[in-house]
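Structure data follow from target_7.csv (CSV, C-alpha atoms):
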chain,number,residue,atom,x,y,z
R,88,MET,CA,0.0,0.0,0.0
R,89,LYS,CA,2.9,2.4,0.7
R,90,PRO,CA,3.8,2.7,-3.0
R,91,ILE,CA,0.2,3.4,-3.9
R,92,ARG,CA,0.0,6.2,-1.3
R,93,SER,CA,3.2,7.7,-2.7
R,94,THR,CA,1.8,7.6,-6.2
R,95,PHE,CA,-1.3,9.4,-5.1
R,96,ALA,CA,0.8,11.9,-3.2
R,97,VAL,CA,2.9,12.6,-6.3
R,98,LEU,CA,-0.2,13.0,-8.5
R,99,ALA,CA,-1.7,15.3,-6.0
R,100,MET,CA,1.4,17.5,-6.0
R,101,ILE,CA,1.3,17.6,-9.8
R,102,VAL,CA,-2.3,18.6,-9.9
R,103,ALA,CA,-1.8,21.2,-7.3
R,104,GLY,CA,1.2,22.6,-9.1
R,105,HIS,CA,-0.8,22.6,-12.4
R,106,THR,CA,-3.6,24.5,-10.7
R,107,THR,CA,-1.2,27.1,-9.3
R,108,ILE,CA,0.3,27.6,-12.7
R,109,GLN,CA,-3.1,28.0,-14.3
R,110,ALA,CA,-4.1,30.5,-11.6
R,111,GLN,CA,-1.1,32.7,-12.1
R,112,ASP,CA,-1.8,36.3,-13.2
R,113,PRO,CA,-0.6,36.6,-16.9
R,114,LEU,CA,-0.5,40.4,-16.5
R,115,PRO,CA,1.1,41.1,-13.1
R,116,SER,CA,2.4,44.6,-14.0
R,117,TRP,CA,-1.2,45.7,-14.6
R,118,ASN,CA,-3.5,47.1,-11.9
R,119,ASP,CA,-6.9,45.5,-11.8
R,120,GLY,CA,-9.3,47.7,-13.8
R,121,LYS,CA,-11.1,48.1,-17.1
R,122,ALA,CA,-8.0,48.1,-19.3
R,123,LYS,CA,-6.6,44.9,-17.9
R,124,GLN,CA,-10.0,43.2,-17.8
R,125,SER,CA,-10.7,44.1,-21.5
R,126,ILE,CA,-7.5,42.2,-22.5
R,127,VAL,CA,-8.4,39.1,-20.4
R,128,ASP,CA,-12.0,39.1,-21.6
R,129,PHE,CA,-11.0,39.5,-25.2
R,130,VAL,CA,-8.6,36.6,-25.1
R,131,ALA,CA,-11.2,34.4,-23.3
R,132,LYS,CA,-13.8,35.2,-26.0
R,133,VAL,CA,-11.7,34.5,-29.1
R,134,THR,CA,-9.9,31.4,-27.8
R,135,LYS,CA,-12.9,29.4,-26.3
R,136,GLU,CA,-14.1,26.9,-28.7
R,137,GLY,CA,-17.9,27.1,-29.1
R,138,SER,CA,-17.9,30.8,-28.3
R,139,PRO,CA,-19.6,33.0,-30.9
R,140,ASP,CA,-16.5,35.0,-31.0
R,141,PHE,CA,-14.1,32.1,-31.4
R,142,VAL,CA,-11.2,32.9,-33.8
R,143,PRO,CA,-9.2,30.0,-35.4
R,144,PRO,CA,-5.5,30.1,-34.4
R,145,GLU,CA,-4.4,30.9,-37.9
R,146,GLU,CA,-6.4,34.1,-37.9
R,147,ARG,CA,-5.2,35.3,-34.5
R,148,ILE,CA,-3.2,38.4,-35.5
R,149,ALA,CA,-2.3,41.3,-33.1
R,150,THR,CA,-0.5,44.4,-34.3
R,151,PHE,CA,1.5,46.8,-32.1
R,152,ASP,CA,2.9,50.2,-32.9
R,153,GLN,CA,6.4,50.5,-31.4
R,154,ASP,CA,7.4,54.1,-30.4
R,155,GLY,CA,5.4,55.2,-27.4
R,156,THR,CA,3.4,51.9,-27.4
R,157,LEU,CA,6.1,49.3,-26.7
R,158,TRP,CA,9.0,51.5,-25.6
R,159,VAL,CA,9.9,55.1,-24.7
R,160,SER,CA,9.7,57.6,-27.6
R,161,HIS,CA,10.1,60.8,-25.6
R,162,PRO,CA,11.6,63.4,-25.9
R,163,MET,CA,12.8,62.0,-29.3
R,164,TYR,CA,12.4,58.8,-31.2
R,165,SER,CA,15.3,56.4,-30.8
R,166,GLN,CA,15.9,56.1,-34.5
R,167,VAL,CA,16.2,59.8,-34.9
R,168,MET,CA,18.8,59.8,-32.1
R,169,TYR,CA,20.7,57.2,-34.0
R,170,CYS,CA,20.6,59.3,-37.2
R,171,LEU,CA,21.6,62.5,-35.4
R,172,GLU,CA,24.7,60.8,-34.0
R,173,ARG,CA,25.6,59.6,-37.5
R,174,VAL,CA,25.8,63.2,-38.9
R,175,PRO,CA,29.4,63.9,-37.8
R,176,ALA,CA,30.7,60.8,-39.6
R,177,LEU,CA,28.6,61.7,-42.7
R,178,ALA,CA,29.9,65.3,-42.7
R,179,GLU,CA,33.5,64.0,-42.7
R,180,LYS,CA,32.7,62.1,-45.9
R,181,LYS,CA,30.7,65.0,-47.4
R,182,PRO,CA,32.3,68.2,-46.0
R,183,GLU,CA,29.8,70.4,-48.0
R,184,LEU,CA,27.1,69.4,-45.5
R,185,LYS,CA,28.9,71.3,-42.7
R,186,LYS,CA,27.5,74.6,-44.2
R,187,VAL,CA,24.1,73.3,-45.0
R,188,GLU,CA,21.0,73.2,-42.7
R,189,PRO,CA,19.8,71.2,-40.9
R,190,PHE,CA,23.2,69.4,-40.7
R,191,LYS,CA,24.9,72.7,-39.6
R,192,THR,CA,22.6,72.9,-36.6
R,193,VAL,CA,23.2,69.2,-35.6
R,194,LEU,CA,27.0,69.7,-35.9
R,195,SER,CA,26.8,72.7,-33.6
R,196,GLY,CA,25.9,70.4,-30.7
R,197,ASN,CA,23.2,72.9,-29.5
R,198,ARG,CA,20.6,70.6,-28.0
R,199,GLU,CA,18.0,73.3,-27.8
R,200,ALA,CA,18.3,74.2,-31.4
R,201,ILE,CA,18.4,70.5,-32.5
R,202,ALA,CA,15.2,69.9,-30.5
R,203,LYS,CA,13.4,72.7,-32.4
R,204,LEU,CA,14.2,71.2,-35.8
R,205,PRO,CA,10.9,70.7,-37.7
R,206,MET,CA,9.9,67.3,-39.0
R,207,LYS,CA,10.9,68.1,-42.6
R,208,ASP,CA,14.5,68.8,-41.5
R,209,LEU,CA,14.6,65.6,-39.5
R,210,GLU,CA,13.4,63.7,-42.5
R,211,LYS,CA,16.3,65.2,-44.5
R,212,ILE,CA,18.7,63.9,-41.8
R,213,LEU,CA,17.1,60.4,-41.9
R,214,VAL,CA,17.4,60.1,-45.6
R,215,ALA,CA,21.0,61.2,-45.7
R,216,THR,CA,22.1,58.9,-42.8
R,217,LEU,CA,20.0,55.9,-43.7
R,218,THR,CA,20.9,55.4,-47.3
R,219,GLY,CA,23.9,54.9,-49.5
R,220,MET,CA,25.2,51.9,-47.6
R,221,SER,CA,24.7,48.1,-47.8
R,222,THR,CA,22.0,46.6,-45.8
R,223,ASP,CA,24.6,44.4,-44.1
R,224,LYS,CA,26.6,47.4,-43.0
R,225,PHE,CA,23.5,49.2,-41.8
R,226,GLN,CA,22.5,46.3,-39.6
R,227,ALA,CA,26.0,46.1,-38.2
R,228,GLU,CA,26.1,49.8,-37.4
R,229,VAL,CA,22.7,49.7,-35.7
R,230,LYS,CA,23.7,46.7,-33.6
R,231,GLN,CA,26.8,48.5,-32.5
R,232,TRP,CA,24.9,51.8,-31.7
R,233,LEU,CA,22.3,49.9,-29.7
R,234,ALA,CA,25.1,48.2,-27.7
R,235,ASP,CA,26.8,51.5,-26.9
R,236,ALA,CA,24.0,54.2,-26.8
R,237,LYS,CA,22.3,55.1,-23.5
R,238,ASP,CA,19.1,57.0,-22.9
R,239,PRO,CA,20.1,60.4,-21.3
R,240,ARG,CA,17.5,60.1,-18.5
R,241,TRP,CA,17.7,56.5,-17.3
R,242,LYS,CA,21.3,55.8,-18.5
R,243,LYS,CA,20.1,52.5,-19.9
R,244,PRO,CA,20.3,51.0,-23.4
R,245,TYR,CA,17.3,51.9,-25.4
R,246,THR,CA,16.3,48.3,-25.7
R,247,GLU,CA,15.8,48.1,-21.9
R,248,LEU,CA,13.3,50.9,-22.1
R,249,THR,CA,10.4,48.7,-23.1
R,250,TYR,CA,7.2,48.8,-21.2
R,251,GLN,CA,6.9,45.7,-19.0
R,252,PRO,CA,3.1,45.7,-19.1
R,253,MET,CA,3.2,45.5,-22.9
R,254,GLN,CA,5.8,42.8,-22.9
R,255,GLU,CA,3.4,40.8,-20.8
R,256,VAL,CA,0.6,41.4,-23.3
R,257,LEU,CA,2.8,40.2,-26.1
R,258,LYS,CA,3.6,37.0,-24.2
R,259,TYR,CA,0.0,36.5,-23.1
R,260,LEU,CA,-1.3,36.8,-26.6
R,261,ARG,CA,1.3,34.5,-28.0
R,262,ALA,CA,0.6,31.9,-25.3
R,263,ASN,CA,-3.0,32.0,-26.6
R,264,GLY,CA,-2.2,31.3,-30.2
R,265,PHE,CA,-1.7,34.8,-31.5
R,266,LYS,CA,1.0,36.0,-33.9
R,267,THR,CA,2.3,39.4,-32.8
R,268,TYR,CA,3.5,41.9,-35.3
R,269,ILE,CA,5.1,45.3,-34.9
R,270,VAL,CA,3.5,47.9,-37.3
R,271,THR,CA,5.5,51.0,-37.0
R,272,GLY,CA,6.1,54.4,-38.7
R,273,GLY,CA,9.7,53.8,-37.9
R,274,GLY,CA,12.2,52.4,-40.3
R,275,GLN,CA,11.5,48.7,-41.0
R,276,ASP,CA,15.2,47.8,-41.3
R,277,PHE,CA,16.1,49.6,-38.1
R,278,VAL,CA,13.4,47.9,-36.0
R,279,ARG,CA,14.2,44.4,-37.4
R,280,VAL,CA,17.7,44.6,-36.1
R,281,TYR,CA,16.5,44.2,-32.4
R,282,ALA,CA,12.8,43.2,-32.5
R,283,GLU,CA,13.4,39.5,-31.9
R,284,GLN,CA,15.7,39.9,-29.0
R,285,THR,CA,13.8,42.8,-27.5
R,286,TYR,CA,10.2,41.7,-28.0
R,287,GLY,CA,10.3,38.1,-29.2
R,288,ILE,CA,9.1,39.3,-32.6
R,289,PRO,CA,11.1,38.0,-35.6
R,290,PRO,CA,12.1,40.3,-38.4
R,291,GLU,CA,9.5,38.9,-40.8
R,292,GLN,CA,6.8,40.1,-38.4
R,293,VAL,CA,8.0,43.7,-38.4
R,294,VAL,CA,6.1,46.0,-40.8
R,295,GLY,CA,7.6,49.5,-41.0
R,296,THR,CA,8.4,52.4,-43.2
R,297,MET,CA,10.2,50.9,-46.2
R,298,GLY,CA,13.0,52.4,-48.2
R,299,GLY,CA,14.2,51.1,-51.5
R,300,THR,CA,17.2,48.9,-52.1
R,301,LYS,CA,19.3,48.2,-55.2
R,302,TYR,CA,20.9,44.8,-56.0
R,303,GLY,CA,24.5,44.8,-57.0
R,304,TYR,CA,27.9,42.9,-56.7
R,305,ASP,CA,31.1,43.8,-54.8
R,306,LYS,CA,34.6,43.5,-56.3
R,307,ASP,CA,34.6,39.8,-55.6
R,308,GLY,CA,31.3,39.2,-57.3
R,309,LYS,CA,29.4,38.7,-54.0
R,310,PRO,CA,25.8,40.0,-54.3
R,311,PHE,CA,24.5,42.7,-51.9
R,312,LEU,CA,21.8,45.2,-51.4
R,313,THR,CA,22.3,49.0,-51.1
R,314,LYS,CA,19.9,51.2,-49.3
R,315,GLU,CA,18.5,53.9,-51.6
R,316,PRO,CA,16.7,57.2,-50.8
R,317,LYS,CA,13.5,56.0,-52.3
R,318,LEU,CA,10.3,55.6,-50.2
R,319,LEU,CA,8.3,52.4,-50.9
R,320,LEU,CA,5.8,52.7,-48.0
R,321,ASN,CA,5.2,55.4,-45.4
R,322,ASP,CA,3.9,53.0,-42.6
R,323,ASN,CA,2.0,55.7,-40.7
R,324,ASN,CA,-1.6,56.8,-40.6
R,325,ALA,CA,-3.4,55.2,-43.6
R,326,GLY,CA,-0.1,53.5,-44.5
R,327,LYS,CA,-0.5,51.2,-41.5
R,328,PRO,CA,-3.5,49.2,-42.8
R,329,GLU,CA,-2.0,49.4,-46.3
R,330,GLY,CA,1.2,47.8,-44.9
R,331,ILE,CA,-0.8,45.2,-42.9
R,332,HIS,CA,-2.5,44.1,-46.1
R,333,LEU,CA,0.7,44.1,-48.1
R,334,MET,CA,2.9,42.3,-45.5
R,335,ILE,CA,0.5,40.3,-43.4
R,336,GLY,CA,-2.5,39.6,-45.5
R,337,ARG,CA,-5.0,39.3,-42.6
R,338,ARG,CA,-6.9,41.9,-40.7
R,339,PRO,CA,-5.8,42.1,-37.0
R,340,TYR,CA,-8.1,41.1,-34.2
R,341,ALA,CA,-6.2,43.3,-31.8
R,342,ALA,CA,-4.3,46.5,-32.3
R,343,PHE,CA,-2.3,48.8,-29.9
R,344,GLY,CA,-1.1,52.3,-30.5
R,345,ASN,CA,-0.6,55.7,-28.8
R,346,SER,CA,-1.0,58.5,-31.4
R,347,PRO,CA,-2.9,59.7,-34.4
R,348,GLY,CA,-0.5,57.8,-36.6
R,349,ASP,CA,-2.2,54.6,-35.3
R,350,GLN,CA,-5.8,55.7,-35.7
R,351,GLN,CA,-6.4,54.1,-39.1
R,352,MET,CA,-4.8,50.8,-37.9
R,353,LEU,CA,-7.3,50.7,-35.0
R,354,GLU,CA,-10.2,51.7,-37.3
R,355,TYR,CA,-9.3,48.9,-39.7
R,356,THR,CA,-9.0,46.4,-36.9
R,357,LYS,CA,-12.4,47.4,-35.3
R,358,ALA,CA,-14.1,47.2,-38.7
R,359,GLY,CA,-13.7,43.4,-38.8
R,360,ASP,CA,-16.4,41.0,-37.7
R,361,GLY,CA,-16.5,39.5,-34.2
R,362,ALA,CA,-14.7,40.6,-31.1
R,363,ARG,CA,-11.9,43.0,-31.6
R,364,LEU,CA,-9.5,44.7,-29.1
R,365,CYS,CA,-8.3,48.2,-29.8
R,366,MET,CA,-6.1,50.0,-27.2
R,367,LEU,CA,-4.2,53.3,-27.0
R,368,VAL,CA,-1.5,54.1,-24.5
R,369,LEU,CA,-1.9,57.5,-22.8
R,370,HIS,CA,1.4,58.9,-21.4
R,371,ASP,CA,0.2,60.6,-18.2
R,372,ASP,CA,2.8,59.6,-15.7
R,373,ALA,CA,5.4,62.3,-15.4
R,374,LYS,CA,7.1,60.7,-12.4
R,375,ARG,CA,7.8,57.3,-13.7
R,376,GLU,CA,7.9,58.1,-17.5
R,377,TYR,CA,6.5,61.2,-19.2
R,378,ALA,CA,3.3,63.1,-19.3
R,379,TYR,CA,2.1,64.5,-22.6
R,380,GLY,CA,-1.1,64.7,-24.7
R,381,PRO,CA,-2.5,67.3,-25.1
R,382,ALA,CA,-5.5,65.1,-24.4
R,383,GLN,CA,-7.1,65.5,-20.9
R,384,GLY,CA,-5.1,68.7,-20.3
R,385,LEU,CA,-1.7,67.1,-20.5
R,386,PRO,CA,1.3,69.1,-21.9
R,387,ASP,CA,1.5,69.3,-25.7
R,388,THR,CA,4.4,67.7,-27.6
R,389,LYS,CA,5.5,67.3,-31.2
R,390,VAL,CA,6.7,63.7,-30.5
R,391,GLY,CA,4.0,61.0,-30.1
R,392,THR,CA,1.1,63.5,-29.7
R,393,PHE,CA,-2.1,62.2,-28.3
R,394,PRO,CA,-4.7,65.0,-29.0
R,395,GLN,CA,-8.1,65.4,-27.4
R,396,ALA,CA,-9.8,64.5,-30.7
R,397,LEU,CA,-8.1,61.0,-30.6
R,398,TYR,CA,-9.2,60.6,-27.0
R,399,ASP,CA,-12.8,61.5,-27.9
R,400,LYS,CA,-12.8,59.1,-30.9
R,401,ALA,CA,-11.5,56.3,-28.7
R,402,LYS,CA,-14.4,56.8,-26.3
R,403,LYS,CA,-16.9,57.0,-29.1
R,404,GLU,CA,-15.6,53.9,-30.9
R,405,GLY,CA,-15.2,51.8,-27.8
R,406,TRP,CA,-11.4,51.7,-27.9
R,407,THR,CA,-9.7,51.3,-24.5
R,408,VAL,CA,-7.4,54.1,-23.4
R,409,ILE,CA,-4.6,52.8,-21.2
R,410,SER,CA,-3.5,55.2,-18.4
R,411,MET,CA,0.1,54.6,-17.6
R,412,LYS,CA,-0.5,56.3,-14.2
R,413,ASP,CA,-3.6,54.3,-13.2
R,414,ASP,CA,-3.4,51.0,-15.2
R,415,TRP,CA,0.3,50.1,-14.8
R,416,LYS,CA,1.8,48.9,-11.5
R,417,ARG,CA,5.2,49.3,-12.9
R,418,ILE,CA,6.5,50.6,-16.2
R,419,PHE,CA,9.9,49.1,-16.7
R,420,ALA,CA,11.4,45.7,-15.8
R,421,PHE,CA,14.3,47.5,-13.9
R,422,GLU,CA,12.0,49.7,-11.8
R,423,ASN,CA,12.6,47.7,-8.6
R,424,GLU,CA,16.3,47.2,-9.1
Turn this file's structure into structure tokens for me.
Amino acid sequence: MKPIRSTFAVLAMIVAGHTTIQAQDPLPSWNDGKAKQSIVDFVAKVTKEGSPDFVPPEERIATFDQDGTLWVSHPMYSQVMYCLERVPALAEKKPELKKVEPFKTVLSGNREAIAKLPMKDLEKILVATLTGMSTDKFQAEVKQWLADAKDPRWKKPYTELTYQPMQEVLKYLRANGFKTYIVTGGGQDFVRVYAEQTYGIPPEQVVGTMGGTKYGYDKDGKPFLTKEPKLLLNDNNAGKPEGIHLMIGRRPYAAFGNSPGDQQMLEYTKAGDGARLCMLVLHDDAKREYAYGPAQGLPDTKVGTFPQALYDKAKKEGWTVISMKDDWKRIFAFENE
């Protein structure tokens, strides 16, 4: 009888352990509330066989904006920071740029003046610093920059400034059969360098603003691609659903964003049949991250703006607005270090 009792004891421990695992909170960095519950309820609806909202695994697609949705984008986008830091090296190769704006301002080192550069000037810098090199060289340079560069506020690598609550959502959705995609206005090649290591999202599941490339051969006859100053897709605003159709081929069942550049992606997602989850991150925690809107009376900004019109639309359309201050127990994985 002793071996039988031991067997029952082992089985009891296994069952108890399984129950404990099942009962674990998949979103521990979220405060209990409407935002968290909407995620849990949505997953339950679309994954329960027999449910009127059941979604077959092959159709479970979730799309995430990156800047301001998955990681910090304030006071300046990380890719722009990378490009600004490449200007001195570019000016050495092309000395004529030293006397031309906006490169002259960047080379001056005047942070206030650089911060005031309009978007059209930043776009000139992006084009100049992101083209004219092979795709292999670009990937190597981005990897090196990410290894060395530190955010000026937290003194951490940019890839550590991801939002822990959103990392949990990515894992939770994947654990329930979803494929998670990044759909970003940022450069597709830039994000693909680190997306797999940082978010668990492979490069083929990154949809971003696409530049052209040209096929050629080096002196030894080895083929390579050169990045060209030619825009193939501006993956922002209406470009996001266009990019989703082009690169994914399925309408998302869940979409996450934080600014007007994500509005059409959420509209496109919500327009599908059945249960859909649309969420926007509102940056309203000046102490732990940043506070900007200008929705709900928050300070205005030119980076990652969340206007009142978008907030009102979210309420009208039934999209969930995530309050960093109220909905997130912690923002970064390193917060308690």
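Close contacts of Lys374 (chain R), defined as residues with an atom at most 12 Å away when counting only C-alpha atoms, with chain neighbours fewer than 3 positions off set aside, comprise His370, Asp371, Tyr377, Ala378, Tyr379, Met411, Lys412, Arg417 and Ile418 of chain R.
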Val390 (chain R) surroundings by all atoms listed in the file, 7 Å radius, close-in-sequence under 5 positions cut, as a VMD selection string: chain R and resid 161 to 163
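Closest approach to Tyr250 (chain R) among R:Lys224, R:Lys389, R:Arg375, R:Lys317: R:Arg375, based on only C-alpha atoms.
The shortest atom-to-atom distance to Tyr398 (chain R), with all atoms listed in the file taken into account, belongs to R:Pro347 out of R:Pro347, R:Gly359, R:Pro386, R:Gly336.
Among R:Lys203, R:Lys191, R:Lys327, R:Lys416, the residue with the shortest atom-to-atom distance to Ser116 (chain R), counting all atoms listed in the file, is R:Lys416.
You can rank R:Phe311, R:Phe129, R:Phe141, R:Trp241 by their closest distance to Phe421 (chain R) using only C-alpha atoms, and at the top of that list sits R:Trp241.
When CA of Ala122 (chain R) is paired with CA of Lys402 (chain R), their separation reads 12.9 Å.
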Shell of 12 Å around Ile269 (chain R), all atoms listed in the file, local chain residues under 5 positions omitted, as a ChimeraX atom specification: /R:148-154,156-158,257,274-275,278-279,281-283,285-296,322,327,330-331,334-335,339,341-344,349,352
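Distance-wise, CA of Glu422 (chain R) and CA of Pro113 (chain R) end up 18.9 Å apart.
CA of Asp112 (chain R) lies 16.4 Å from CA of Ala420 (chain R).
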Could you tell me which of R:Asn345, R:Ser195, R:Gln350, R:Asn118 comes closest to Ser160 (chain R) if we count only C-alpha atoms? R:Asn345
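Compared by their closest atoms to Lys230 (chain R), and using all atoms listed in the file, the residues R:Pro328, R:Val408, R:Val187, R:Phe277 rank with R:Phe277 nearest.
Proximity to region 169-181 of chain R at 10 Å, evaluated using all atoms listed in the file and with sequence-adjacent residues fewer than 5 positions away removed, yields R:Tyr164, R:Lys186, R:Phe190, R:Lys191, R:Val193, R:Leu194, R:Ile201, R:Leu209, R:Glu210, R:Ile212, R:Leu213, R:Val214, R:Ala215, R:Thr216, R:Leu217, R:Glu228, R:Val229, R:Trp232, R:Leu233, R:Ala236, R:Phe277.
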